[in-house]
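So the structure is just underneath, and the comments pick up after that.
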Protein chains: 2
Amino acid sequence: MTEAPPSQSVEPSDALVADVFARGCASRGALETVGGKWAILALLALIEGDYRFNALRRRVEGVSEKMLAQTLHALERDGFVRREVVTVIPARVEYSLTPLGTEVAERLRALAEVVEGSVEHITAARAAYDARRS
Amino acid sequence: MTEAPPSQSVEPSDALVADVFARGCASRGALETVGGKWAILALLALIEGDYRFNALRRRVEGVSEKMLAQTLHALERDGFVRREVVTVIPARVEYSLTPLGTEVAERLRALAEVVEGSVEHITAARAAYDARRS
């Protein structure tokens with residue numbers, strides 16, 4: 001059925017419906033950014049408080065300087081992390097969560113808590129799976 | 001202060017404390033598994049109900065057959081997804097969430113909702129960041 005589109009303006013809820021399943025939706029890219037291996041850990045660390053680069057790198061055990069820098073740029077670009085140059089001598093750069101970053105990090109913490117609380121279950125599942133495959 | 005260790009058995013809570021920040025902890029690997037780009041979408045899709053491979057592949061728009069297979073194997077190995085061969089003719093394979101997978105997927109849905117609800121904010125942050133850089 002083809003009807004002329006109504007002349008009224010579009011309802012706000014119809015104007016832009018984000019959908020992480022839609023290939024071109026910015027929300028999918030943003031979800032990918034925050035779900036990245038190092039991004040999750042960086043966001044979880046920043047719930048604890050602001051961090052300077054090297055301290056954050058020590059907290060996120062095992063991350064390379066390059067990967068952490070890339071991760072923080074991506075998080076800053078999407079508005080989850082704020083990078084602030086503190087003009088003392090010597091100048092230092094501090095990273096903190098934006099309000100949106102805090103919301104996201106809290107959801108990630110809930111996720112991490114489920115995973116941490118199930119680690120014995122997960123380890124057993126892995127062992128059983130590997131035994132079936134060998 | 002060095003004292004002889006108490007002879008009582010270790011408290012359960014001390015026996016195994018999972019920590020996603022610890023390099024060797026299985027919880028870190030599991031968090032990485034569920035946070036992967038395609039894993040998040042597969043888990044979100046499976047909240048909707050069980051899926052056969054090809055239907056899931058259509059739902060997770062843009063995923064290759066190989067990547068979806070790898071993703072599902074990893075999720076099955078860690079105990080988040082169940083793979084079941086249904087012995088009808090022709091036989092079919094169905095994927096569903098385990099109880100642990102459901103818990104994880106619900107946390108991911110809360111995360112995705114924050115991201116979807118902030119897509120205009122994220123898009124604006126990206127544009128501002130890119131403008132500063134160009």
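Letters for chains follow the order of the structure tokens (A, B, ...), residue numbers begin at 1 for each chain, and ligand numbers begin at 1 in the order shown.
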
Produce the least-squares-superposed copy of chain A, fitted on chain B over all in-order C-alpha pairs, as a CSV table (one decimal) with C-alpha atoms, in the first residue's frame.
```csv
chain,number,residue,atom,x,y,z
A,1,MET,CA,55.9,-9.7,59.4
A,2,THR,CA,56.1,-13.4,58.7
A,3,GLU,CA,53.8,-15.5,60.7
A,4,ALA,CA,53.0,-19.2,60.4
A,5,PRO,CA,49.9,-19.6,58.3
A,6,PRO,CA,46.8,-20.4,60.4
A,7,SER,CA,46.0,-24.1,60.4
A,8,GLN,CA,42.3,-23.6,59.9
A,9,SER,CA,41.0,-24.1,56.4
A,10,VAL,CA,40.9,-21.1,54.1
A,11,GLU,CA,37.6,-19.2,54.0
A,12,PRO,CA,35.7,-19.9,50.7
A,13,SER,CA,35.8,-16.2,49.9
A,14,ASP,CA,39.6,-16.3,50.1
A,15,ALA,CA,39.9,-19.5,48.2
A,16,LEU,CA,39.4,-18.0,44.7
A,17,VAL,CA,38.8,-14.4,44.2
A,18,ALA,CA,38.2,-13.7,40.5
A,19,ASP,CA,39.6,-10.4,39.2
A,20,VAL,CA,39.2,-9.2,35.7
A,21,PHE,CA,42.2,-7.0,36.1
A,22,ALA,CA,44.5,-9.9,36.9
A,23,ARG,CA,46.3,-11.1,33.8
A,24,GLY,CA,46.0,-14.8,34.4
A,25,CYS,CA,42.4,-14.8,35.7
A,26,ALA,CA,39.9,-16.8,33.7
A,27,SER,CA,37.4,-14.1,34.3
A,28,ARG,CA,39.4,-11.7,32.2
A,29,GLY,CA,39.4,-14.1,29.2
A,30,ALA,CA,35.7,-14.7,29.6
A,31,LEU,CA,35.0,-10.9,29.7
A,32,GLU,CA,37.1,-10.5,26.6
A,33,THR,CA,35.0,-13.3,24.9
A,34,VAL,CA,31.6,-11.7,25.7
A,35,GLY,CA,32.8,-8.2,24.9
A,36,GLY,CA,33.9,-9.0,21.4
A,37,LYS,CA,32.2,-7.2,18.6
A,38,TRP,CA,30.3,-10.2,17.2
A,39,ALA,CA,29.9,-11.9,20.5
A,40,ILE,CA,27.9,-8.9,21.9
A,41,LEU,CA,25.5,-9.0,19.0
A,42,ALA,CA,25.2,-12.8,19.0
A,43,LEU,CA,24.3,-12.8,22.7
A,44,LEU,CA,21.8,-9.9,22.2
A,45,ALA,CA,20.2,-11.8,19.3
A,46,LEU,CA,19.9,-15.0,21.4
A,47,ILE,CA,17.9,-13.1,24.1
A,48,GLU,CA,15.2,-13.0,21.4
A,49,GLY,CA,15.1,-16.8,21.2
A,50,ASP,CA,17.0,-19.8,19.8
A,51,TYR,CA,18.5,-19.4,16.4
A,52,ARG,CA,19.8,-21.7,13.7
A,53,PHE,CA,23.3,-20.7,12.4
A,54,ASN,CA,22.1,-19.1,9.2
A,55,ALA,CA,19.3,-17.2,10.7
A,56,LEU,CA,21.7,-15.9,13.4
A,57,ARG,CA,24.1,-14.9,10.7
A,58,ARG,CA,21.3,-12.8,9.0
A,59,ARG,CA,20.4,-11.2,12.3
A,60,VAL,CA,24.0,-10.2,13.1
A,61,GLU,CA,24.2,-8.2,9.9
A,62,GLY,CA,27.6,-8.2,8.3
A,63,VAL,CA,29.3,-11.1,10.2
A,64,SER,CA,31.1,-13.6,8.0
A,65,GLU,CA,30.4,-17.3,8.4
A,66,LYS,CA,33.9,-17.9,9.7
A,67,MET,CA,33.7,-15.1,12.3
A,68,LEU,CA,30.3,-16.2,13.6
A,69,ALA,CA,31.4,-19.8,13.8
A,70,GLN,CA,34.5,-18.8,15.8
A,71,THR,CA,32.4,-16.5,18.0
A,72,LEU,CA,29.9,-19.2,18.8
A,73,HIS,CA,32.6,-21.8,19.6
A,74,ALA,CA,34.2,-19.4,22.1
A,75,LEU,CA,30.8,-18.6,23.7
A,76,GLU,CA,30.0,-22.3,23.9
A,77,ARG,CA,33.4,-23.1,25.3
A,78,ASP,CA,33.0,-20.7,28.2
A,79,GLY,CA,29.5,-21.9,28.9
A,80,PHE,CA,27.4,-18.9,27.6
A,81,VAL,CA,25.8,-20.6,24.6
A,82,ARG,CA,24.5,-24.1,24.1
A,83,ARG,CA,24.7,-25.8,20.7
A,84,GLU,CA,22.1,-28.4,20.2
A,85,VAL,CA,21.8,-30.8,17.3
A,86,VAL,CA,18.1,-31.4,16.7
A,87,THR,CA,17.8,-34.9,15.1
A,88,VAL,CA,15.0,-34.3,12.7
A,89,ILE,CA,15.5,-34.9,8.9
A,90,PRO,CA,17.3,-32.9,7.8
A,91,ALA,CA,19.2,-32.5,11.1
A,92,ARG,CA,19.6,-28.9,12.3
A,93,VAL,CA,21.8,-27.2,14.8
A,94,GLU,CA,20.3,-24.6,17.2
A,95,TYR,CA,22.0,-22.2,19.4
A,96,SER,CA,20.5,-20.9,22.7
A,97,LEU,CA,21.7,-19.1,25.8
A,98,THR,CA,22.6,-21.0,28.9
A,99,PRO,CA,21.4,-19.6,32.2
A,100,LEU,CA,24.8,-17.9,32.7
A,101,GLY,CA,24.6,-16.7,29.1
A,102,THR,CA,21.2,-15.2,29.8
A,103,GLU,CA,22.6,-13.3,32.8
A,104,VAL,CA,25.5,-12.0,30.7
A,105,ALA,CA,23.3,-11.1,27.8
A,106,GLU,CA,20.9,-9.1,30.0
A,107,ARG,CA,23.9,-7.0,31.3
A,108,LEU,CA,24.9,-6.5,27.7
A,109,ARG,CA,21.4,-5.4,26.8
A,110,ALA,CA,21.5,-2.8,29.5
A,111,LEU,CA,24.8,-1.6,28.1
A,112,ALA,CA,23.5,-1.5,24.5
A,113,GLU,CA,20.5,0.5,25.6
A,114,VAL,CA,22.7,3.2,27.1
A,115,VAL,CA,24.7,3.3,23.9
A,116,GLU,CA,21.6,3.4,21.7
A,117,GLY,CA,20.0,6.0,23.8
A,118,SER,CA,23.1,8.2,23.5
A,119,VAL,CA,23.8,7.9,19.8
A,120,GLU,CA,23.2,11.6,19.1
A,121,HIS,CA,25.5,12.5,21.9
A,122,ILE,CA,28.1,10.1,20.6
A,123,THR,CA,27.9,11.3,17.1
A,124,ALA,CA,28.3,14.9,18.2
A,125,ALA,CA,31.3,14.0,20.3
A,126,ARG,CA,32.9,12.2,17.4
A,127,ALA,CA,32.3,15.2,15.1
A,128,ALA,CA,33.8,17.6,17.7
A,129,TYR,CA,36.8,15.4,18.2
A,130,ASP,CA,37.5,15.0,14.5
A,131,ALA,CA,37.1,18.8,14.0
A,132,ARG,CA,39.7,19.5,16.7
A,133,ARG,CA,42.1,17.0,15.0
A,134,SER,CA,41.8,18.2,11.4
```

Taking the DSSP secondary structure from the backbone, can you list the residues of region 10-132 of chain B that are strand (DSSP E or B), as a PyMOL selection string? chain B and resi 51-52+81-86+92-97

So that I can check the secondary structure, give me every residue of region 3-127 of chain B assigned alpha helix (DSSP H) by backbone DSSP, as a PyMOL selection string. chain B and resi 12-15+26-35+37-47+53-59+65-77+99-117+119-127
